[in-house]
Amino acid sequence: MRLTPDEARTLIEARHPDPFSALGLHAGEIVALVPGAERVWALGTSETELTQIVPGVFTGEWGEPSYRLRAQNAQATWDFDDPYAFAPVLGAMDEYLIGEGTHKRLWEKLGAHAITHQGVEGVHFALWAPNARRVSVVGEFNFWDGRHHQMRRMGATGVWEIFVPGIHEGALYKYELLDAAGKVLPLKADPLGFGAEHPPAQASVVRKLGLHRFGDGAWCETRAAAQERHAPISIYEVHLGSWVRVWDEGGRPLSYHELAEKLVDYACDMGFTHIELLPITEHPFDGSWGYQPIGLYAPTIRHGRPEEFAEFVDAAHRRGLGVILDWVPGHFPTDDHGLKRFDGTALYEHADPKEGFHQDWNTLIYNYGRREVSNYLLANALFWLEQYHLDGLRVDAVASMLYRDYSRAAGEWVPNKFGGRENLEAIEFLKAMNAASYGGAPGIMTVAEESTAFPGVTMPVHEGGLGFGYKWNMGWMNDSLRYFARDPIYRKHHHNELTFASSYAFSENFILPISHDEVVHGKGSMLGKMPGDDSEKFANLRAFYAFQWAHPGKKLLFMGQEFGQWSEWSHERELDWYLLNDPRHAGLRNLVRDLNRLYRETPALHWGDCDPAGFSWSAADDAEASVYVFERHAPGGVPVVVAANLTPVERSYRIGVPQGGHWVEILNTDSGHYGGENRGNLGAVEAETFTQSHRDHSAEVYLPPLSVVMFAPQSS
């Protein structure tokens, strides 16, 4: 007998430093670890009962190259394949790339994969935990007992693996780890798990990837043109759990399958070009809205299985809609079953709370300077883009990643190696992520939520920039909301709040965002922000949206604002769809629909969103009247003149136009179709040879109170 009772006890107590060296078939002898068994047999062409060394550990001679085991106790008899009879699945190149931090398709090797190995069906588990003394996979298949499936350490990479025969897709599992001192840690969910239990349950779930067969080839071939800086991009931001609920079924949210029909139909009808999803990566707490994820590789089970999420993306693509995921690589929650001190050490985070803890959100900050951690995140970006065909990633809270002193007082942060405040490691990670994303998934777009003036956010990496495709224009958003919230009598004193954005509008590729962040936490809804009585609130909001759609920059609007929610958004209930029974709310939605149509169909309104050649002021300084007039242009297209009257006073106003002739009123926010008073220019005006605003031609136009009117020359 090659195994001593003392060594056998280390196996049954899960303290053996290398269980695969002792267990299985070695030199004609089987050693089997079967906790809870009273008798064990080896099965092949013959049958041999093994001898118990200590309770749960059995041994015996065996002359065949393979075997199965039969175990028995007072309650049952069961046959099974011995997990310690299987060779490693991971190869030397995988170990090398994982250790080097350059395995861009990390999800293909780590995590839980249902495979056939050595002719047997089962699941291969692999996990990175370099400082653990022991790692076991536990689940219903082994009574959540860490003695059963102690994993194999693969060289010096810190990766552990085991093939567990006889379990299949849908199995629940977690990892049991011992830290370096031998202390059992709280059970951990799989950092690369592809599925999870429905919260508040916390286990990972074995899920197969690639079960949905995409039919979006035509979209993927053309999306590069649909997402470039001269294209019309109008984004509908959605929290899937509160868009629509099924109240006759307990108020449940829609499934991915239902969303593939209802949400896609709605976004198409409204004329949006993209749907942007608040984070759907698995998260334990509904109230985080997904911004505190634990399962970065798992679409939340709240709406269905992974293949059903793929179906939703595919359905959008078949209708010509792009899908953007709100992605959160900036921080992670402190839940014990997550990444926090994963192997007993600060593995994914920094050990020093001055570097590793977000005071604002009570979350932990990734250690971007650790190659395995940056690899984990970079591979995750590619995972969503490649595995689920997503068209873009909106990266949350980029400013918090760029600066070490973000939201910290003096003495509460650690300078970089040069003594500065920039997080050099995070900057390099973002550059690498963008380069890998654009290189690995052609035609995609990445978007930065970045609230500072950090230079070159949308400049290519090879030119020294961060490499994002677009950046949220938080300055425009703050200035515009502040202006429109003012009583119109005071607006003349703050005229520059709407003109200032044009001074930097083309310094980055901007998106103009009215996001979920603007309608929560006491900020009020968009309609609620507007001054005046109800009719003036609607008029102001109609003017705001038309100004947003006419202003340079791509467009983003959070769900519910298209029809004028009165209340703030709440993740706990659906939108107030009943408001559409009111013609004013229905009219507002008609306006957003028409703005999207006009924006898409009129090159002048989108071609120059990120190009100064597409914009010019005609009247930028009439503060006394609170009137703004500007032009939008596109090569070879007709120009559009936009006139905004942002007081409750009707005006006859002469505007300069770039050419003479008949100018058609292509949009008027005071139209009765939008809930207005139907005051306007009877469909068109005539431009005269009369100099105004440095233009050789001009026209006398009527500007309704609190309105935006757009004109285009009549096509021949």
# chains A, B, ... in the order shown; residues from 1 in each chain; ligands from 1
>>> closest_atom_pairs(of="segment 335-405 of chain A", to="segment 85-97 of chain A", cutoff="12 Å", atoms="only C-alpha atoms", output="CSV")
residue,atom,partner,partner_atom,distance
A:Arg371,CA,A:Leu97,CA,10.7
A:Glu372,CA,A:Leu97,CA,9.7
A:Asn375,CA,A:Leu97,CA,9.8
A:Tyr376,CA,A:Leu97,CA,11.9
>>> residues_around(residues="Val708 of chain A", least_positions_apart="6", cutoff="10 Å", atoms="only C-alpha atoms", output="ChimeraX atom specification")
/A:539-540,542-547,550,627-629,642-646,667-670
>>> write_last_selection(atoms="N, CA and C atoms", output="mmCIF file, in the first residue's frame")
data_model
loop_
_atom_site.group_PDB
_atom_site.id
_atom_site.type_symbol
_atom_site.label_atom_id
_atom_site.label_comp_id
_atom_site.auth_asym_id
_atom_site.auth_seq_id
_atom_site.Cartn_x
_atom_site.Cartn_y
_atom_site.Cartn_z
ATOM 1 N N ALA A 539 -44.240 72.718 -23.175
ATOM 2 C CA ALA A 539 -43.626 73.508 -24.240
ATOM 3 C C ALA A 539 -42.115 73.590 -24.061
ATOM 4 N N ASN A 540 -41.688 73.815 -22.820
ATOM 5 C CA ASN A 540 -40.257 73.863 -22.544
ATOM 6 C C ASN A 540 -39.574 72.540 -22.873
ATOM 7 N N ARG A 542 -40.609 70.175 -24.935
ATOM 8 C CA ARG A 542 -40.574 69.972 -26.384
ATOM 9 C C ARG A 542 -39.426 70.774 -27.002
ATOM 10 N N ALA A 543 -39.254 72.002 -26.547
ATOM 11 C CA ALA A 543 -38.164 72.828 -27.066
ATOM 12 C C ALA A 543 -36.805 72.240 -26.687
ATOM 13 N N PHE A 544 -36.705 71.719 -25.467
ATOM 14 C CA PHE A 544 -35.438 71.115 -25.033
ATOM 15 C C PHE A 544 -35.048 69.964 -25.953
ATOM 16 N N TYR A 545 -35.984 69.047 -26.197
ATOM 17 C CA TYR A 545 -35.660 67.887 -27.023
ATOM 18 C C TYR A 545 -35.295 68.304 -28.451
ATOM 19 N N ALA A 546 -36.029 69.256 -29.008
ATOM 20 C CA ALA A 546 -35.703 69.701 -30.362
ATOM 21 C C ALA A 546 -34.334 70.360 -30.393
ATOM 22 N N PHE A 547 -34.008 71.131 -29.352
ATOM 23 C CA PHE A 547 -32.676 71.752 -29.275
ATOM 24 C C PHE A 547 -31.602 70.672 -29.178
ATOM 25 N N ALA A 550 -31.144 68.991 -32.520
ATOM 26 C CA ALA A 550 -30.553 69.873 -33.526
ATOM 27 C C ALA A 550 -29.095 70.194 -33.234
ATOM 28 N N VAL A 627 -33.237 84.195 -27.950
ATOM 29 C CA VAL A 627 -33.383 83.526 -29.240
ATOM 30 C C VAL A 627 -32.021 83.024 -29.689
ATOM 31 N N TYR A 628 -32.005 81.811 -30.223
ATOM 32 C CA TYR A 628 -30.794 81.201 -30.770
ATOM 33 C C TYR A 628 -31.105 80.752 -32.192
ATOM 34 N N VAL A 629 -30.206 81.063 -33.129
ATOM 35 C CA VAL A 629 -30.380 80.614 -34.509
ATOM 36 C C VAL A 629 -29.051 80.035 -34.979
ATOM 37 N N VAL A 642 -32.040 76.315 -37.716
ATOM 38 C CA VAL A 642 -32.752 76.036 -36.471
ATOM 39 C C VAL A 642 -32.915 77.343 -35.706
ATOM 40 N N ALA A 643 -34.132 77.657 -35.302
ATOM 41 C CA ALA A 643 -34.411 78.872 -34.532
ATOM 42 C C ALA A 643 -35.149 78.495 -33.257
ATOM 43 N N ALA A 644 -34.582 78.917 -32.117
ATOM 44 C CA ALA A 644 -35.185 78.615 -30.819
ATOM 45 C C ALA A 644 -35.595 79.907 -30.140
ATOM 46 N N ASN A 645 -36.852 79.972 -29.726
ATOM 47 C CA ASN A 645 -37.370 81.095 -28.940
ATOM 48 C C ASN A 645 -37.702 80.549 -27.558
ATOM 49 N N LEU A 646 -36.872 80.877 -26.570
ATOM 50 C CA LEU A 646 -36.982 80.222 -25.271
ATOM 51 C C LEU A 646 -37.568 81.145 -24.207
ATOM 52 N N LEU A 667 -40.005 71.313 -39.032
ATOM 53 C CA LEU A 667 -40.403 70.901 -37.678
ATOM 54 C C LEU A 667 -40.730 72.141 -36.874
ATOM 55 N N ASN A 668 -41.811 72.034 -36.105
ATOM 56 C CA ASN A 668 -42.232 73.124 -35.228
ATOM 57 C C ASN A 668 -42.767 72.489 -33.960
ATOM 58 N N THR A 669 -42.092 72.733 -32.836
ATOM 59 C CA THR A 669 -42.491 72.060 -31.594
ATOM 60 C C THR A 669 -43.835 72.545 -31.068
ATOM 61 N N ASP A 670 -44.379 73.630 -31.642
ATOM 62 C CA ASP A 670 -45.693 74.117 -31.213
ATOM 63 C C ASP A 670 -46.832 73.491 -32.017
#
>>> closest_residue(among="A:Val323, A:Val519, A:Ala687, A:Val57", to="Gly660 of chain A", atoms="only C-alpha atoms")
A:Ala687
>>> atom_distance(atom1="atom CA of His697 of chain A", atom2="atom CA of His633 of chain A")
16.6 Å
>>> residues_around(residues="segment 133-149 of chain A", least_positions_apart="4", cutoff="6 Å", atoms="only C-alpha atoms", output="MDAnalysis selection string")
chainID A and resid 14 172:180
>>> write_last_selection(atoms="C-alpha atoms", output="mmCIF file, in the first residue's frame")
data_model
loop_
_atom_site.group_PDB
_atom_site.id
_atom_site.type_symbol
_atom_site.label_atom_id
_atom_site.label_comp_id
_atom_site.auth_asym_id
_atom_site.auth_seq_id
_atom_site.Cartn_x
_atom_site.Cartn_y
_atom_site.Cartn_z
ATOM 1 C CA ALA A 14 -9.063 18.207 2.381
ATOM 2 C CA LEU A 172 -25.356 24.845 -9.357
ATOM 3 C CA TYR A 173 -21.848 25.368 -8.037
ATOM 4 C CA LYS A 174 -19.481 27.556 -6.033
ATOM 5 C CA TYR A 175 -15.853 27.351 -5.011
ATOM 6 C CA GLU A 176 -14.585 26.534 -1.541
ATOM 7 C CA LEU A 177 -11.134 27.991 -0.920
ATOM 8 C CA LEU A 178 -8.634 27.693 1.910
ATOM 9 C CA ASP A 179 -6.419 30.728 2.308
ATOM 10 C CA ALA A 180 -2.672 30.456 2.790
#
>>> residues_around(residues="Gly287 of chain A", least_positions_apart="5", cutoff="10 Å", atoms="only C-alpha atoms", output="mmCIF file with N, CA and C atoms, in the first residue's frame")
data_model
loop_
_atom_site.group_PDB
_atom_site.id
_atom_site.type_symbol
_atom_site.label_atom_id
_atom_site.label_comp_id
_atom_site.auth_asym_id
_atom_site.auth_seq_id
_atom_site.Cartn_x
_atom_site.Cartn_y
_atom_site.Cartn_z
ATOM 1 N N GLN A 292 -23.314 47.338 -9.601
ATOM 2 C CA GLN A 292 -22.432 46.625 -8.685
ATOM 3 C C GLN A 292 -22.477 45.145 -9.057
ATOM 4 N N SER A 570 -38.113 54.916 -10.991
ATOM 5 C CA SER A 570 -37.880 53.952 -9.914
ATOM 6 C C SER A 570 -37.685 52.576 -10.526
ATOM 7 N N HIS A 571 -36.648 51.881 -10.084
ATOM 8 C CA HIS A 571 -36.382 50.540 -10.623
ATOM 9 C C HIS A 571 -37.410 49.525 -10.148
ATOM 10 N N GLU A 572 -38.235 49.905 -9.174
ATOM 11 C CA GLU A 572 -39.168 48.960 -8.563
ATOM 12 C C GLU A 572 -40.509 48.874 -9.272
#
>>> residues_around(residues="Gln202 of chain A", least_positions_apart="3", cutoff="10 Å", atoms="only C-alpha atoms", output="NGL selection string")
:A and (172-174 or 187-189 or 196-199 or 205 or 283-284 or 294 or 337-338)
>>> decode(residues="segment 415-427 of chain A", atoms="N, CA, C and O atoms", output="PDB file, in the first residue's frame")
ATOM      1  N   PRO A 415      -0.318  58.859  -4.656  1.00  0.00           N
ATOM      2  CA  PRO A 415       0.123  59.358  -5.963  1.00  0.00           C
ATOM      3  C   PRO A 415       0.708  58.242  -6.825  1.00  0.00           C
ATOM      4  O   PRO A 415       1.122  57.189  -6.326  1.00  0.00           O
ATOM      5  N   ASN A 416       0.752  58.494  -8.138  1.00  0.00           N
ATOM      6  CA  ASN A 416       1.401  57.529  -9.030  1.00  0.00           C
ATOM      7  C   ASN A 416       2.915  57.622  -8.898  1.00  0.00           C
ATOM      8  O   ASN A 416       3.440  58.421  -8.106  1.00  0.00           O
ATOM      9  N   LYS A 417       3.641  56.829  -9.659  1.00  0.00           N
ATOM     10  CA  LYS A 417       5.095  56.743  -9.503  1.00  0.00           C
ATOM     11  C   LYS A 417       5.799  58.056  -9.825  1.00  0.00           C
ATOM     12  O   LYS A 417       6.961  58.248  -9.447  1.00  0.00           O
ATOM     13  N   PHE A 418       5.089  58.948 -10.516  1.00  0.00           N
ATOM     14  CA  PHE A 418       5.666  60.254 -10.819  1.00  0.00           C
ATOM     15  C   PHE A 418       5.181  61.332  -9.853  1.00  0.00           C
ATOM     16  O   PHE A 418       5.494  62.512 -10.018  1.00  0.00           O
ATOM     17  N   GLY A 419       4.396  60.929  -8.880  1.00  0.00           N
ATOM     18  CA  GLY A 419       3.867  61.880  -7.923  1.00  0.00           C
ATOM     19  C   GLY A 419       2.574  62.537  -8.346  1.00  0.00           C
ATOM     20  O   GLY A 419       2.063  63.419  -7.659  1.00  0.00           O
ATOM     21  N   GLY A 420       2.001  62.117  -9.480  1.00  0.00           N
ATOM     22  CA  GLY A 420       0.796  62.726 -10.016  1.00  0.00           C
ATOM     23  C   GLY A 420      -0.469  62.023  -9.583  1.00  0.00           C
ATOM     24  O   GLY A 420      -0.449  60.993  -8.907  1.00  0.00           O
ATOM     25  N   ARG A 421      -1.601  62.579 -10.025  1.00  0.00           N
ATOM     26  CA  ARG A 421      -2.912  62.059  -9.631  1.00  0.00           C
ATOM     27  C   ARG A 421      -3.492  61.087 -10.634  1.00  0.00           C
ATOM     28  O   ARG A 421      -4.474  60.408 -10.360  1.00  0.00           O
ATOM     29  N   GLU A 422      -2.922  60.992 -11.826  1.00  0.00           N
ATOM     30  CA  GLU A 422      -3.460  60.102 -12.854  1.00  0.00           C
ATOM     31  C   GLU A 422      -3.206  58.637 -12.478  1.00  0.00           C
ATOM     32  O   GLU A 422      -2.137  58.283 -11.987  1.00  0.00           O
ATOM     33  N   ASN A 423      -4.190  57.813 -12.737  1.00  0.00           N
ATOM     34  CA  ASN A 423      -4.039  56.375 -12.511  1.00  0.00           C
ATOM     35  C   ASN A 423      -3.452  55.775 -13.783  1.00  0.00           C
ATOM     36  O   ASN A 423      -4.176  55.435 -14.730  1.00  0.00           O
ATOM     37  N   LEU A 424      -2.138  55.691 -13.829  1.00  0.00           N
ATOM     38  CA  LEU A 424      -1.445  55.286 -15.050  1.00  0.00           C
ATOM     39  C   LEU A 424      -1.830  53.879 -15.477  1.00  0.00           C
ATOM     40  O   LEU A 424      -1.942  53.585 -16.670  1.00  0.00           O
ATOM     41  N   GLU A 425      -2.036  52.993 -14.502  1.00  0.00           N
ATOM     42  CA  GLU A 425      -2.382  51.608 -14.826  1.00  0.00           C
ATOM     43  C   GLU A 425      -3.781  51.519 -15.431  1.00  0.00           C
ATOM     44  O   GLU A 425      -4.005  50.765 -16.386  1.00  0.00           O
ATOM     45  N   ALA A 426      -4.726  52.290 -14.887  1.00  0.00           N
ATOM     46  CA  ALA A 426      -6.079  52.300 -15.453  1.00  0.00           C
ATOM     47  C   ALA A 426      -6.071  52.892 -16.853  1.00  0.00           C
ATOM     48  O   ALA A 426      -6.794  52.422 -17.746  1.00  0.00           O
ATOM     49  N   ILE A 427      -5.271  53.922 -17.061  1.00  0.00           N
ATOM     50  CA  ILE A 427      -5.173  54.534 -18.387  1.00  0.00           C
ATOM     51  C   ILE A 427      -4.664  53.518 -19.398  1.00  0.00           C
ATOM     52  O   ILE A 427      -5.207  53.393 -20.511  1.00  0.00           O
TER      53      ILE A 427
END
